[in-house]
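Written below as structure tokens is the structure these notes are about.
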Amino acid sequence: MGKTRTVVAAVVMALIAVAGCTHVQTKGDALDALSSRSESKRSDALDYLFRLDADERLSLGRELFVAEDALRGHAGVRLLTSVSLSAEDWTWLQKKALTSKLVSRYLVLASQKGHTASLGFIVANLANADALSLPLYVSTLRGLTGLSFGGVSETPSTLHRRWKRHLDRLENGFEQLSRKVAALYATEDESEQVSILRSINPSSLPLICADISEMATVGRLAVAREFALMGRESRDEAVLELLVELLEHDDYIVRFNAANSIEELTGMELRFDPSASPGVRRIQLEQLKNDFAQ
């Protein structure tokens, strides 16, 4: 009886060993298995490839990154995530991402590596995003910066402009200002919007005029009203131009505040009535623009 049990146990152990063994024994096996429909085979393949040395993982990762097969491309991203990438590697990946239309793979890699130096490349290509890739662009930029200048409801060109302005501010040392602008886009609370605006130094107002103009256009009423008041504290031409633009706003308070700020800035008594009918205001505004142009 004891002998029989010993034989049965040996058979069971042999079956377990067979069941647990992998078909991936070589690098060639692993590369073949990457395209398998079996998730377990793909997992075994990656396990094998992850045991290769860093240089070999880098070389394979670059090769797989540009593969036509999506599963192999995903494996390439995974391998590249596991190694250190030089500036030259990132430049190579950018070129391949553009020529091979593999920007999505690049976005995943940059996100997983936390590669903030990729921001310029990502923002530059954001305007060309399609409906499928736009969510990935938005999530990657948010993940790399912790900021948001709008979501997938915005057009790629709009998001591109906003992020480009953000990078310009960063380049000129206005990171905190840009974070405040992002906070303005993020919050729907009007009192919070006013508080954020009031925390911005008047000397920095010219740097956010384009963003304020967009917010005023899409109905951020509290932002438009507060900026129309704050504008009188800046002597910059860009601020004055925006105040004139705000004279066309649908909201009476925005127009009233903007008119008062313009008078204070220029010392002129405006021949503009913010309470007049739209037709009258258009005529008055046309004359005002002509006066400023002289």
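Quick note on naming: the chains in the structure tokens go A, B, ... in the order shown, residues restart at 1 in each chain, and ligands are numbered from 1 in order of appearance.
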
Given only C-alpha atoms, how would the per-residue table for region 40-158 of chain A near region 210-214 of chain A read, listing every residue at most 12 Å away with its closest atom pair and distance in Å to one decimal, sorted by chain and number, as a Markdown table?
```
| residue | atom | partner | partner_atom | distance |
| --- | --- | --- | --- | --- |
| A:Phe149 | CA | A:Asp211 | CA | 9.8 |
| A:Gly150 | CA | A:Asp211 | CA | 11.6 |
| A:Glu154 | CA | A:Glu214 | CA | 11.8 |
| A:Thr158 | CA | A:Glu214 | CA | 9.3 |
```

Using only C-alpha atoms, please write the residues we just selected to a file, as a tab-separated table (two decimals), in the first residue's frame.
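As written to disk, out.tsv reads:
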```tsv
chain	number	residue	atom	x	y	z
A	149	PHE	CA	-6.11	73.01	-19.05
A	150	GLY	CA	-9.30	71.28	-20.16
A	154	GLU	CA	-12.15	70.62	-25.87
A	158	THR	CA	-7.70	74.61	-28.19
```

Lys101 (chain A) surroundings by only C-alpha atoms, 12 Å radius, close-in-sequence under 2 positions cut, as a list in words | Phe65, Val66, Ala67, Glu68, Leu93, Gln94, Lys95, Lys96, Ala97, Leu98, Thr99, Val103, Ser104, Arg105, Tyr106, Leu107, Asn125, Asn128, Ala129, Asp130 and Ser133 of chain A

Give me a file of those residues, with C-alpha atoms, as a PDB file, in the first residue's frame.
```pdb
ATOM      1  CA  PHE A  65       8.484  49.706 -30.250  1.00  0.00           C
ATOM      2  CA  VAL A  66       8.135  50.152 -34.018  1.00  0.00           C
ATOM      3  CA  ALA A  67       6.541  46.748 -34.670  1.00  0.00           C
ATOM      4  CA  GLU A  68       3.327  46.773 -36.696  1.00  0.00           C
ATOM      5  CA  LEU A  93      11.750  57.319 -30.138  1.00  0.00           C
ATOM      6  CA  GLN A  94      10.240  60.698 -31.017  1.00  0.00           C
ATOM      7  CA  LYS A  95      11.333  60.403 -34.620  1.00  0.00           C
ATOM      8  CA  LYS A  96       9.963  56.886 -34.874  1.00  0.00           C
ATOM      9  CA  ALA A  97       6.728  57.860 -33.157  1.00  0.00           C
ATOM     10  CA  LEU A  98       6.108  60.499 -35.801  1.00  0.00           C
ATOM     11  CA  THR A  99       7.225  58.608 -38.887  1.00  0.00           C
ATOM     12  CA  VAL A 103       2.621  58.566 -30.837  1.00  0.00           C
ATOM     13  CA  SER A 104       0.251  56.649 -28.560  1.00  0.00           C
ATOM     14  CA  ARG A 105       3.024  54.216 -27.627  1.00  0.00           C
ATOM     15  CA  TYR A 106       5.303  57.146 -26.960  1.00  0.00           C
ATOM     16  CA  LEU A 107       2.687  58.750 -24.700  1.00  0.00           C
ATOM     17  CA  ASN A 125       1.774  67.138 -31.532  1.00  0.00           C
ATOM     18  CA  ASN A 128      -2.922  66.649 -34.472  1.00  0.00           C
ATOM     19  CA  ALA A 129      -4.604  64.325 -31.965  1.00  0.00           C
ATOM     20  CA  ASP A 130      -7.625  62.373 -33.167  1.00  0.00           C
ATOM     21  CA  SER A 133      -5.659  59.475 -29.010  1.00  0.00           C
TER      22      SER A 133
END
```

Calculate how many Å separate CA of Ser199 (chain A) from CA of Gly120 (chain A), rounding to one decimal.
-> 28.0 Å

If we count only C-alpha atoms and set the cut-off at 9 Å, which residues sit around Leu270 (chain A), ignoring sequence neighbours fewer than 2 positions away in its own chain? Please answer as a short mmCIF file (atom, residue, chain, number, x, y, z; two decimals) with C-alpha atoms, in the first residue's frame.
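Writing the result to part-v8.cif gives the following:
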```cif
data_model
loop_
_atom_site.label_atom_id
_atom_site.label_comp_id
_atom_site.auth_asym_id
_atom_site.auth_seq_id
_atom_site.Cartn_x
_atom_site.Cartn_y
_atom_site.Cartn_z
CA ALA A 259 -15.28 100.70 -19.59
CA ASN A 260 -14.34 102.12 -16.18
CA ILE A 262 -10.22 101.74 -19.75
CA GLU A 263 -11.08 105.28 -18.65
CA MET A 268 -10.11 109.36 -21.57
CA PHE A 272 -19.42 104.26 -24.85
CA ASP A 273 -22.58 103.37 -22.96
CA LEU A 288 -13.69 103.89 -29.97
#
```

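Interatomic distance, CA of Leu80 (chain A) against CA of Gly61 (chain A): 5.2 Å.
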